[in-house]
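Asker: Just my_file-v7.txt, nothing more (compact mmCIF, C-alpha atoms (C1' of nucleotides)):
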```txt
# COMPACT_ATOMS: atom_id res chain seq x y z
CA MET A 1 0.00 0.00 0.00
CA GLU A 2 2.88 2.37 0.79
CA ASP A 3 4.06 2.17 -2.80
CA LYS A 4 0.57 3.03 -4.01
CA PHE A 5 0.48 6.13 -1.83
CA GLN A 6 3.89 6.92 -3.23
CA LEU A 7 2.35 7.08 -6.71
CA LEU A 8 -0.31 9.46 -5.49
CA LYS A 9 2.28 11.62 -3.81
CA GLN A 10 4.25 11.83 -7.04
CA HIS A 11 1.05 12.86 -8.77
CA PHE A 12 0.65 15.78 -6.37
CA GLU A 13 4.30 16.73 -6.52
CA GLU A 14 4.22 17.07 -10.29
CA ILE A 15 2.23 20.23 -9.59
CA VAL A 16 2.98 21.42 -6.03
CA SER A 17 5.41 20.76 -3.18
CA LEU A 18 4.32 19.30 0.12
CA THR A 19 6.21 18.81 3.39
CA ASP A 20 6.22 15.29 4.84
CA GLU A 21 3.87 16.46 7.52
CA GLU A 22 1.45 17.90 4.99
CA TRP A 23 1.63 14.76 2.91
CA ASN A 24 0.86 12.49 5.83
CA PHE A 25 -2.13 14.64 6.65
CA VAL A 26 -3.35 14.59 3.05
CA GLN A 27 -2.76 10.88 2.58
CA SER A 28 -4.79 10.00 5.64
CA HIS A 29 -7.89 11.40 3.96
CA PHE A 30 -7.93 8.85 1.14
CA GLU A 31 -9.49 5.38 1.17
CA PHE A 32 -8.41 2.46 -0.97
CA LYS A 33 -10.78 0.57 -3.23
CA SER A 34 -10.35 -2.26 -5.68
CA LEU A 35 -12.80 -3.48 -8.33
CA LYS A 36 -12.89 -6.21 -10.97
CA LYS A 37 -13.67 -5.70 -14.64
CA HIS A 38 -17.39 -4.96 -15.22
CA GLN A 39 -17.99 -3.77 -11.67
CA PHE A 40 -19.51 -0.35 -11.09
CA LEU A 41 -17.83 2.57 -9.40
CA ILE A 42 -20.83 4.88 -9.80
CA GLN A 43 -24.40 4.18 -10.82
CA VAL A 44 -27.31 6.38 -11.83
CA GLY A 45 -29.52 7.11 -8.84
CA GLN A 46 -26.96 5.95 -6.27
CA PRO A 47 -25.09 8.30 -3.93
CA VAL A 48 -21.75 9.56 -5.24
CA ASP A 49 -19.64 9.63 -2.11
CA PHE A 50 -16.23 10.01 -3.68
CA GLU A 51 -13.97 11.37 -6.30
CA TYR A 52 -11.56 8.66 -7.47
CA TRP A 53 -7.93 8.73 -8.40
CA ILE A 54 -6.99 5.70 -10.47
CA ILE A 55 -3.94 3.82 -9.24
CA LYS A 56 -4.24 1.23 -11.98
CA GLY A 57 -6.87 0.08 -14.44
CA LEU A 58 -9.29 1.68 -16.83
CA VAL A 59 -12.89 2.86 -16.48
CA LYS A 60 -15.53 4.42 -18.65
CA ALA A 61 -17.94 7.15 -17.56
CA TYR A 62 -21.12 7.21 -19.61
CA SER A 63 -24.78 7.99 -19.71
CA ILE A 64 -27.55 5.97 -21.29
CA ASP A 65 -30.22 7.72 -23.34
CA GLU A 66 -33.94 6.87 -23.67
CA LYS A 67 -33.19 4.45 -26.50
CA GLY A 68 -30.71 2.57 -24.34
CA LYS A 69 -27.74 3.91 -26.26
CA GLU A 70 -24.52 4.49 -24.37
CA HIS A 71 -22.66 7.81 -24.68
CA ILE A 72 -19.15 7.93 -23.28
CA LEU A 73 -18.23 11.07 -21.41
CA GLN A 74 -14.75 10.01 -20.42
CA PHE A 75 -12.25 7.20 -20.38
CA ALA A 76 -10.02 7.30 -17.33
CA MET A 77 -6.90 5.31 -16.54
CA GLU A 78 -3.81 5.41 -14.34
CA ASN A 79 -3.25 8.89 -12.86
CA TYR A 80 -6.65 10.17 -13.94
CA TRP A 81 -9.37 11.48 -11.64
CA VAL A 82 -12.90 10.32 -12.24
CA SER A 83 -16.31 10.83 -10.68
CA ASP A 84 -19.77 12.06 -11.45
CA HIS A 85 -18.42 15.50 -10.60
CA CYS A 86 -21.77 17.17 -10.84
CA ALA A 87 -23.57 14.79 -8.51
CA PHE A 88 -20.54 14.61 -6.22
CA GLN A 89 -20.23 18.37 -5.91
CA HIS A 90 -23.91 18.80 -5.08
CA GLN A 91 -24.14 15.57 -3.09
CA GLU A 92 -26.99 14.36 -5.25
CA PRO A 93 -27.77 10.92 -6.72
CA GLY A 94 -25.59 9.85 -9.63
CA THR A 95 -26.53 10.91 -13.15
CA ILE A 96 -24.05 8.70 -15.00
CA PHE A 97 -22.50 5.25 -14.77
CA VAL A 98 -18.83 4.57 -14.24
CA ASP A 99 -17.65 0.99 -14.61
CA CYS A 100 -14.39 -0.86 -15.00
CA LEU A 101 -13.08 -2.00 -18.37
CA GLU A 102 -10.21 -3.70 -16.56
CA ASP A 103 -9.55 -4.75 -12.97
CA SER A 104 -8.84 -1.44 -11.27
CA GLU A 105 -7.65 0.17 -8.05
CA PHE A 106 -8.59 3.56 -6.69
CA PHE A 107 -7.91 6.08 -3.99
CA CYS A 108 -11.21 7.59 -2.90
CA LEU A 109 -11.68 11.13 -1.63
CA SER A 110 -14.94 12.30 -0.08
CA LEU A 111 -16.22 15.83 -0.59
CA GLU A 112 -15.80 16.60 3.09
CA ASN A 113 -12.23 15.36 3.06
CA ARG A 114 -11.43 17.18 -0.14
CA GLU A 115 -12.60 20.49 1.27
CA LYS A 116 -10.77 19.75 4.50
CA ILE A 117 -7.40 19.13 2.92
CA CYS A 118 -7.88 22.07 0.53
CA PHE A 119 -8.57 24.50 3.34
CA GLU A 120 -5.93 23.06 5.66
CA VAL A 121 -3.17 22.75 3.10
CA PRO A 122 -3.08 25.62 0.60
CA ALA A 123 -0.79 23.70 -1.76
CA VAL A 124 -3.55 21.11 -2.13
CA ALA A 125 -6.05 23.81 -3.05
CA ASN A 126 -3.59 24.95 -5.68
CA PHE A 127 -3.08 21.40 -6.86
CA PHE A 128 -6.79 20.88 -7.47
CA ARG A 129 -7.14 24.37 -8.91
CA ILE A 130 -4.46 23.70 -11.50
CA LYS A 131 -5.70 20.15 -12.24
CA SER A 132 -9.22 21.40 -12.66
CA ASN A 133 -8.01 24.12 -14.98
CA HIS A 134 -6.24 21.56 -17.15
CA GLY A 135 -9.39 19.48 -17.20
CA TYR A 136 -11.39 22.51 -18.28
CA ILE A 137 -8.98 23.19 -21.11
CA ASN A 138 -9.23 19.58 -22.29
CA LEU A 139 -13.00 19.69 -22.33
CA GLN A 140 -12.95 22.94 -24.31
CA GLN A 141 -10.75 21.18 -26.86
CA ARG A 142 -13.19 18.32 -27.05
CA ILE A 143 -16.13 20.67 -27.55
CA LEU A 144 -14.29 22.44 -30.32
CA SER A 145 -13.51 19.11 -31.93
CA LEU A 146 -17.19 18.15 -31.77
CA LEU A 147 -18.18 21.48 -33.33
CA THR A 148 -15.53 21.78 -36.01
CA MET A 149 -14.30 18.36 -37.04
CA THR A 150 -15.86 15.51 -38.97
CA ALA A 151 -16.25 12.18 -37.22
CA GLU A 152 -13.31 10.81 -39.18
CA SER A 153 -10.87 13.54 -38.25
CA ARG A 154 -11.94 13.29 -34.61
CA TYR A 155 -10.98 9.64 -34.82
CA GLU A 156 -7.60 10.38 -36.36
CA TYR A 157 -7.03 13.06 -33.75
CA LEU A 158 -7.79 10.62 -30.94
CA LEU A 159 -5.59 7.90 -32.46
CA ASN A 160 -2.83 10.44 -32.36
CA LYS A 161 -3.51 11.83 -28.91
CA LEU A 162 -4.15 8.59 -27.03
CA PRO A 163 -2.72 5.73 -29.11
CA THR A 164 -2.49 3.48 -26.04
CA LEU A 165 -6.19 3.87 -25.31
CA ILE A 166 -7.17 2.35 -28.65
CA GLN A 167 -5.26 -0.81 -27.72
CA ARG A 168 -7.15 -1.19 -24.46
CA VAL A 169 -10.68 -0.35 -25.52
CA PRO A 170 -13.06 -1.98 -28.05
CA LYS A 171 -13.69 0.21 -31.07
CA LYS A 172 -17.41 0.39 -30.43
CA LEU A 173 -16.65 2.30 -27.23
CA ILE A 174 -14.31 4.63 -29.08
CA ALA A 175 -17.18 5.25 -31.48
CA SER A 176 -19.48 6.10 -28.61
CA TYR A 177 -16.88 8.49 -27.19
CA LEU A 178 -16.52 10.24 -30.53
CA GLY A 179 -20.25 10.47 -31.08
CA VAL A 180 -20.30 8.22 -34.15
CA SER A 181 -21.96 4.89 -34.77
CA ARG A 182 -19.89 1.73 -34.54
CA GLU A 183 -20.59 0.97 -38.20
CA THR A 184 -19.47 4.37 -39.40
CA LEU A 185 -16.27 4.20 -37.39
CA SER A 186 -15.54 0.79 -38.84
CA ARG A 187 -15.79 2.28 -42.34
CA PHE A 188 -13.08 4.89 -41.70
CA ASN A 189 -9.40 3.87 -41.62
CA SER A 190 -6.37 4.15 -41.61
CA MET B 1 -14.18 52.37 -10.12
CA GLU B 2 -14.65 51.51 -6.43
CA ASP B 3 -18.16 50.26 -7.13
CA LYS B 4 -16.83 48.02 -9.90
CA PHE B 5 -14.28 46.48 -7.56
CA GLN B 6 -17.14 46.01 -5.16
CA LEU B 7 -18.87 43.80 -7.73
CA LEU B 8 -15.74 41.71 -8.11
CA LYS B 9 -15.41 41.41 -4.35
CA GLN B 10 -18.99 40.16 -4.12
CA HIS B 11 -18.16 37.62 -6.82
CA PHE B 12 -15.32 36.26 -4.71
CA GLU B 13 -17.34 36.34 -1.51
CA GLU B 14 -20.08 34.22 -2.99
CA ILE B 15 -17.54 31.40 -2.70
CA VAL B 16 -14.94 32.33 -0.06
CA SER B 17 -14.37 34.88 2.70
CA LEU B 18 -11.56 37.41 2.54
CA THR B 19 -10.31 39.88 5.12
CA ASP B 20 -10.12 43.55 4.07
CA GLU B 21 -6.38 43.27 3.96
CA GLU B 22 -6.53 40.20 1.72
CA TRP B 23 -9.06 41.86 -0.54
CA ASN B 24 -6.95 44.98 -0.98
CA PHE B 25 -4.02 42.81 -1.90
CA VAL B 26 -6.07 40.78 -4.37
CA GLN B 27 -7.75 43.81 -5.92
CA SER B 28 -4.45 45.52 -6.59
CA HIS B 29 -3.56 42.71 -9.01
CA PHE B 30 -6.36 43.47 -11.47
CA GLU B 31 -6.32 45.97 -14.30
CA PHE B 32 -9.36 47.66 -15.78
CA LYS B 33 -10.20 47.52 -19.47
CA SER B 34 -13.09 48.81 -21.53
CA LEU B 35 -14.00 47.90 -25.13
CA LYS B 36 -16.69 48.87 -27.62
CA LYS B 37 -18.89 46.46 -29.52
CA HIS B 38 -16.97 44.61 -32.26
CA GLN B 39 -13.57 45.18 -30.65
CA PHE B 40 -11.36 42.20 -29.93
CA LEU B 41 -10.29 41.03 -26.52
CA ILE B 42 -8.23 38.14 -27.89
CA GLN B 43 -7.09 37.28 -31.40
CA VAL B 44 -5.57 34.22 -33.00
CA GLY B 45 -1.81 34.49 -33.08
CA GLN B 46 -1.65 37.38 -30.59
CA PRO B 47 -0.33 37.01 -27.02
CA VAL B 48 -2.96 36.20 -24.42
CA ASP B 49 -1.77 38.19 -21.45
CA PHE B 50 -4.87 38.00 -19.30
CA GLU B 51 -7.85 36.18 -18.02
CA TYR B 52 -10.87 38.50 -17.96
CA TRP B 53 -13.70 38.93 -15.53
CA ILE B 54 -16.64 40.69 -17.16
CA ILE B 55 -17.98 43.66 -15.20
CA LYS B 56 -20.57 44.42 -17.82
CA GLY B 57 -21.22 43.50 -21.44
CA LEU B 58 -21.20 40.37 -23.54
CA VAL B 59 -18.53 38.62 -25.58
CA LYS B 60 -18.23 35.57 -27.76
CA ALA B 61 -15.25 33.21 -27.85
CA TYR B 62 -14.95 31.35 -31.13
CA SER B 63 -12.68 29.69 -33.60
CA ILE B 64 -12.78 29.89 -37.36
CA ASP B 65 -12.33 26.75 -39.45
CA GLU B 66 -10.61 26.34 -42.85
CA LYS B 67 -13.88 27.17 -44.62
CA GLY B 68 -14.16 30.45 -42.72
CA LYS B 69 -17.02 29.16 -40.61
CA GLU B 70 -17.30 30.43 -37.05
CA HIS B 71 -17.75 27.98 -34.15
CA ILE B 72 -18.71 29.48 -30.82
CA LEU B 73 -17.00 27.98 -27.81
CA GLN B 74 -18.55 30.25 -25.21
CA PHE B 75 -20.74 33.27 -24.64
CA ALA B 76 -19.67 35.25 -21.59
CA MET B 77 -21.42 38.10 -19.84
CA GLU B 78 -21.53 39.87 -16.47
CA ASN B 79 -19.82 37.82 -13.73
CA TYR B 80 -18.30 35.38 -16.20
CA TRP B 81 -14.62 34.69 -16.68
CA VAL B 82 -13.30 34.45 -20.20
CA SER B 83 -9.98 33.91 -21.92
CA ASP B 84 -8.22 31.60 -24.31
CA HIS B 85 -7.46 29.49 -21.26
CA CYS B 86 -5.23 27.10 -23.13
CA ALA B 87 -3.01 29.78 -24.67
CA PHE B 88 -3.09 31.82 -21.47
CA GLN B 89 -2.05 28.91 -19.29
CA HIS B 90 0.87 27.99 -21.54
CA GLN B 91 1.66 31.62 -22.45
CA GLU B 92 1.37 30.83 -26.13
CA PRO B 93 -0.19 32.79 -29.00
CA GLY B 94 -3.98 32.83 -29.07
CA THR B 95 -5.85 29.99 -30.77
CA ILE B 96 -9.30 31.58 -30.72
CA PHE B 97 -10.95 34.98 -31.10
CA VAL B 98 -12.87 36.75 -28.39
CA ASP B 99 -14.80 39.86 -29.35
CA CYS B 100 -17.50 42.08 -27.90
CA LEU B 101 -21.14 41.69 -28.88
CA GLU B 102 -21.87 44.74 -26.70
CA ASP B 103 -19.80 47.54 -25.20
CA SER B 104 -18.04 45.80 -22.34
CA GLU B 105 -15.84 46.32 -19.28
CA PHE B 106 -13.36 43.91 -17.80
CA PHE B 107 -11.02 43.29 -14.93
CA CYS B 108 -7.86 41.71 -16.29
CA LEU B 109 -5.68 39.23 -14.41
CA SER B 110 -2.28 38.17 -15.70
CA LEU B 111 -0.98 34.65 -15.20
CA GLU B 112 1.78 35.90 -12.94
CA ASN B 113 -0.66 37.85 -10.81
CA ARG B 114 -3.09 34.98 -10.65
CA GLU B 115 -0.46 32.60 -9.38
CA LYS B 116 0.76 35.26 -6.97
CA ILE B 117 -2.60 35.87 -5.35
CA CYS B 118 -3.38 32.15 -5.30
CA PHE B 119 -0.18 31.29 -3.47
CA GLU B 120 -0.31 34.31 -1.17
CA VAL B 121 -4.00 34.04 -0.26
CA PRO B 122 -5.21 30.45 0.11
CA ALA B 123 -8.85 31.51 -0.05
CA VAL B 124 -8.21 32.77 -3.58
CA ALA B 125 -6.75 29.42 -4.60
CA ASN B 126 -9.91 27.83 -3.26
CA PHE B 127 -12.05 30.36 -5.07
CA PHE B 128 -10.47 29.51 -8.43
CA ARG B 129 -10.46 25.82 -7.63
CA ILE B 130 -14.19 25.84 -7.00
CA LYS B 131 -14.96 28.11 -9.97
CA SER B 132 -12.89 25.95 -12.25
CA ASN B 133 -14.66 22.87 -10.99
CA HIS B 134 -18.04 24.43 -11.77
CA GLY B 135 -16.78 25.31 -15.23
CA TYR B 136 -15.64 21.73 -15.75
CA ILE B 137 -19.05 20.42 -14.77
CA ASN B 138 -20.74 22.81 -17.20
CA LEU B 139 -18.53 21.70 -20.05
CA GLN B 140 -19.23 18.04 -19.28
CA GLN B 141 -22.93 18.84 -19.52
CA ARG B 142 -22.39 20.50 -22.86
CA ILE B 143 -20.42 17.53 -24.19
CA LEU B 144 -23.17 15.18 -23.10
CA SER B 145 -25.73 17.40 -24.80
CA LEU B 146 -23.68 17.30 -28.01
CA LEU B 147 -23.42 13.50 -27.80
CA THR B 148 -26.96 12.64 -26.75
CA MET B 149 -29.37 15.32 -27.91
CA THR B 150 -30.69 16.37 -31.31
CA ALA B 151 -30.01 19.90 -32.49
CA GLU B 152 -33.59 20.82 -31.71
CA SER B 153 -33.56 19.62 -28.13
CA ARG B 154 -30.21 21.31 -27.54
CA TYR B 155 -31.90 24.52 -28.63
CA GLU B 156 -34.85 24.02 -26.30
CA TYR B 157 -32.47 23.18 -23.50
CA LEU B 158 -30.52 26.40 -24.05
CA LEU B 159 -33.69 28.49 -24.29
CA ASN B 160 -34.56 27.10 -20.93
CA LYS B 161 -31.15 27.44 -19.33
CA LEU B 162 -30.20 30.92 -20.56
CA PRO B 163 -33.39 32.67 -21.70
CA THR B 164 -31.76 36.09 -21.31
CA LEU B 165 -28.93 35.17 -23.66
CA ILE B 166 -31.32 34.60 -26.56
CA GLN B 167 -32.55 38.17 -26.21
CA ARG B 168 -29.07 39.59 -26.45
CA VAL B 169 -27.59 37.46 -29.21
CA PRO B 170 -28.56 36.99 -32.89
CA LYS B 171 -29.94 33.54 -33.60
CA LYS B 172 -27.22 32.75 -36.12
CA LEU B 173 -24.71 32.90 -33.27
CA ILE B 174 -26.86 30.65 -31.13
CA ALA B 175 -26.87 28.24 -34.07
CA SER B 176 -23.11 28.34 -34.21
CA TYR B 177 -22.90 27.68 -30.47
CA LEU B 178 -25.21 24.68 -30.78
CA GLY B 179 -23.37 23.28 -33.78
CA VAL B 180 -26.30 23.67 -36.19
CA SER B 181 -26.69 25.73 -39.33
CA ARG B 182 -28.57 29.01 -39.12
CA GLU B 183 -31.18 27.69 -41.58
CA THR B 184 -31.85 24.55 -39.60
CA LEU B 185 -32.20 26.49 -36.35
CA SER B 186 -34.65 28.82 -38.05
CA ARG B 187 -36.82 25.84 -38.96
CA PHE B 188 -37.21 24.71 -35.35
CA ASN B 189 -39.55 26.55 -32.97
CA SER B 190 -41.16 27.17 -30.49
C1' DA C 1 -38.11 59.31 -41.01
C1' DG C 2 -35.61 56.78 -44.47
C1' DC C 3 -31.84 53.96 -46.03
C1' DT C 4 -28.72 50.33 -45.56
C1' DA C 5 -27.03 46.20 -43.79
C1' DA C 6 -27.50 42.48 -40.98
C1' DA C 7 -30.59 38.90 -39.48
C1' DA C 8 -34.12 35.72 -40.14
C1' DG C 9 -37.18 32.80 -42.84
C1' DT C 10 -38.06 29.47 -46.60
C1' DG C 11 -37.92 26.24 -50.55
C1' DA C 12 -35.19 22.75 -53.24
C1' DC C 13 -31.72 19.77 -53.19
C1' DC C 14 -27.67 17.14 -51.30
C1' DT C 15 -24.78 14.46 -48.20
C1' DA C 16 -22.64 12.55 -44.02
C1' DA C 17 -23.75 9.56 -41.04
C1' DA C 18 -27.49 6.59 -38.71
C1' DT C 19 -29.93 2.49 -38.86
C1' DC C 20 -30.97 -2.24 -40.01
C1' DA C 21 -29.71 -6.79 -41.24
C1' DC C 22 -26.48 -9.95 -41.82
C1' DT C 23 -21.55 -12.14 -42.03
C1' DT C 24 -16.92 -12.73 -40.41
C1' DT C 25 -13.44 -12.37 -36.95
C1' DT C 26 -11.62 -12.29 -32.38
C1' DC C 27 -11.59 -13.29 -27.76
C1' DC C 28 -12.26 -15.96 -23.72
C1' DA C 29 -13.86 -19.56 -20.51
C1' DT C 30 -14.37 -24.26 -19.89
C1' DA D 1 -8.53 -27.13 -28.24
C1' DT D 2 -13.26 -25.70 -28.97
C1' DG D 3 -17.89 -23.58 -28.56
C1' DG D 4 -20.21 -19.39 -27.63
C1' DA D 5 -20.34 -14.53 -27.14
C1' DA D 6 -18.69 -10.17 -28.03
C1' DA D 7 -16.56 -7.29 -31.49
C1' DA D 8 -15.82 -5.89 -36.02
C1' DG D 9 -16.91 -5.53 -40.88
C1' DT D 10 -20.12 -4.69 -44.75
C1' DG D 11 -24.09 -3.83 -47.88
C1' DA D 12 -28.63 -1.48 -48.50
C1' DT D 13 -31.57 2.01 -47.08
C1' DT D 14 -33.10 6.08 -44.48
C1' DT D 15 -32.75 10.51 -42.37
C1' DA D 16 -31.27 14.66 -39.89
C1' DG D 17 -29.26 18.31 -40.97
C1' DG D 18 -26.24 20.96 -44.39
C1' DT D 19 -25.89 23.86 -48.41
C1' DC D 20 -27.44 27.07 -51.88
C1' DA D 21 -30.33 30.59 -53.50
C1' DC D 22 -33.55 33.78 -52.76
C1' DT D 23 -37.14 36.71 -50.02
C1' DT D 24 -38.76 39.09 -45.97
C1' DT D 25 -37.99 41.30 -41.65
C1' DT D 26 -35.54 43.88 -38.26
C1' DA D 27 -32.18 46.97 -36.44
C1' DG D 28 -28.91 50.71 -36.67
C1' DC D 29 -27.29 55.13 -38.58
C1' DT D 30 -27.21 59.75 -40.22
```
The structure in this file should be written as structure tokens.

Answerer:
Amino acid sequence: MEDKFQLLKQHFEEIVSLTDEEWNFVQSHFEFKSLKKHQFLIQVGQPVDFEYWIIKGLVKAYSIDEKGKEHILQFAMENYWVSDHCAFQHQEPGTIFVDCLEDSEFFCLSLENREKICFEVPAVANFFRIKSNHGYINLQQRILSLLTMTAESRYEYLLNKLPTLIQRVPKKLIASYLGVSRETLSRFNS
Amino acid sequence: MEDKFQLLKQHFEEIVSLTDEEWNFVQSHFEFKSLKKHQFLIQVGQPVDFEYWIIKGLVKAYSIDEKGKEHILQFAMENYWVSDHCAFQHQEPGTIFVDCLEDSEFFCLSLENREKICFEVPAVANFFRIKSNHGYINLQQRILSLLTMTAESRYEYLLNKLPTLIQRVPKKLIASYLGVSRETLSRFNS
DNA sequence: AGCTAAAAGTGACCTAAATCACTTTTCCAT
DNA sequence: ATGGAAAAGTGATTTAGGTCACTTTTAGCT
């Protein structure tokens, strides 16, 4: 477990510096969780008690429309944060599903604990501020890509940006992430 | 000017508390700027020296594709923050345009000053952390709407969410924000 | 008030991508 | 190794929305 916390510490220290004392305080506010492939981290209608940092593994965050079609909001793997941020922030029932595409391990942070470490340790507030800012920038990029690019060039762009992801995820899920049908994606290529 | 700073202070205090001393320090790191309708706040290829908080007015942030078509990333009005966050964060030349749809006034915050006030005043770091998180959640919503909804229901959804915006903005820009052609939007209705 | 330009509406036609139906391939679990 | 299920590929058809061309309406200016 110590080595896993070490990974998390490195993740923080890529952005901010923490004293040993601060780190011990921060670390004590995380819980460990482990799930097998196909198990759910978050479900629609269920409480969303945590934000999750992924130690290892791969998950998908998605919503299901009236017709039962799955739309993927995010893939998240090692070093990524994932949650139903909206439900988590407002402490409301989940609005999306998050489940494991591989056996996965997480560090879990409750809202109360997050606010506690942010207000106790300013560097942590800055860490999450900067992380959140990066996330915002990424989502803006994705929105622009949805507005300006054809399905095919979004695919090429993704192949280029996250080549490893394609290896780990069935193409039909990539299609759902890009907002294209499985059949159409299969007709592209490359 | 004092009354304008008062508005900004209220904006901060909706999220965090600041002592008078802290506020004076924070305030001193903003510059004032005023622009007329049609003037540019940010242009592609130009340095992006600031993040802007809108005191009054309305702007659009957009990119232009190879065919000369405009794609609106964001509308921003009173109390909103706007910038080319990506270029600003990395101190690179602008990748989008931001211009005024109405005469507008701004408080401008440089990257250096932002980091300074965030590391000097923890409450400010928390303010931006929480703001950024809200922004992230909004963008996730928008992505989901682009993935799951038809153009028409995205329009209805926007009418519902920002009824005031529709009054202030020509429909062709709303179309561009929703990722629909002007003609198609005109055929909806409502 | 009157003139111009931008915005909005509308019809005809076109196209990218969705959907449906089916086949082939790949991946696991026993 | 092998049988079954999930994934991927492919052809035929449909459709939402784009594009083009033109008209009508609205909003700013002087």

Asker: Taking all atoms listed in the file into account, which residues of chain D are within 10 Å of chain A, as number ranges by chain?

Answerer: D: 6-10

Asker: May I have the residues from that selection written out with C-alpha atoms (C1' of nucleotides), as an mmCIF file, in the frame of the given file?

Answerer:
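Final output, saved to again_15.cif:
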```cif
data_model
loop_
_atom_site.group_PDB
_atom_site.id
_atom_site.type_symbol
_atom_site.label_atom_id
_atom_site.label_comp_id
_atom_site.auth_asym_id
_atom_site.auth_seq_id
_atom_site.Cartn_x
_atom_site.Cartn_y
_atom_site.Cartn_z
ATOM 1 C "C1'" DA D 6 -18.690 -10.170 -28.030
ATOM 2 C "C1'" DA D 7 -16.560 -7.290 -31.490
ATOM 3 C "C1'" DA D 8 -15.820 -5.890 -36.020
ATOM 4 C "C1'" DG D 9 -16.910 -5.530 -40.880
ATOM 5 C "C1'" DT D 10 -20.120 -4.690 -44.750
#
```

Asker: Chain A residues within 9 Å of chain C, counting all atoms listed in the file: which ones, as a list in words?

Answerer: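 Only these qualify: Thr150, Ala151, Val180, Ser181, Glu183 and Thr184 of chain A.
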
Asker: Just C-alpha atoms for this one: save the residues we selected as a PDB file, keeping the file's coordinate frame.

Answerer:
```pdb
ATOM      1  CA  THR A 150     -15.860  15.510 -38.970  1.00  0.00           C
ATOM      2  CA  ALA A 151     -16.250  12.180 -37.220  1.00  0.00           C
ATOM      3  CA  VAL A 180     -20.300   8.220 -34.150  1.00  0.00           C
ATOM      4  CA  SER A 181     -21.960   4.890 -34.770  1.00  0.00           C
ATOM      5  CA  GLU A 183     -20.590   0.970 -38.200  1.00  0.00           C
ATOM      6  CA  THR A 184     -19.470   4.370 -39.400  1.00  0.00           C
TER       7      THR A 184
END
```

Asker: When the cut-off is 10 Å and we count only C-alpha atoms, which residues of chain A are near chain B, given as a PyMOL selection string?

Answerer: chain A and resi 62-66+69-74+84-87+89+115+118-144+146-149+176-180

Asker: Find the distance between atom CA of B:Asn113 and atom CA of B:His90 and write it in Å to one decimal.

Answerer: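 Separation between atom CA of B:Asn113 and atom CA of B:His90: 14.7 Å.
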
Asker: To one decimal place, how far is atom CA of B:Leu41 from atom CA of B:Ile55 in Å?

Answerer: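 Going from atom CA of B:Leu41 over to atom CA of B:Ile55, I get 13.9 Å.
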
Asker: Quick one, how far is atom CA of A:Met1 from atom CA of A:Asp99?

Answerer: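 Result for atom CA of A:Met1 versus atom CA of A:Asp99: 22.9 Å, one decimal.
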
Asker: Near B:Lys56, within 10 Å and counting only C-alpha atoms (C1' of nucleotides), which residues show up once chain neighbours fewer than 6 positions away are dropped, as a ChimeraX atom specification?

Answerer: /B:4,34,76-80,102-106

Asker: Please list as a VMD selection string every residue within 6 Å of stretch 15-31 of chain A, counting only C-alpha atoms (C1' of nucleotides) and excluding residues in the same chain fewer than 3 positions away.

Answerer: chain A and resid 12 107 to 109 113
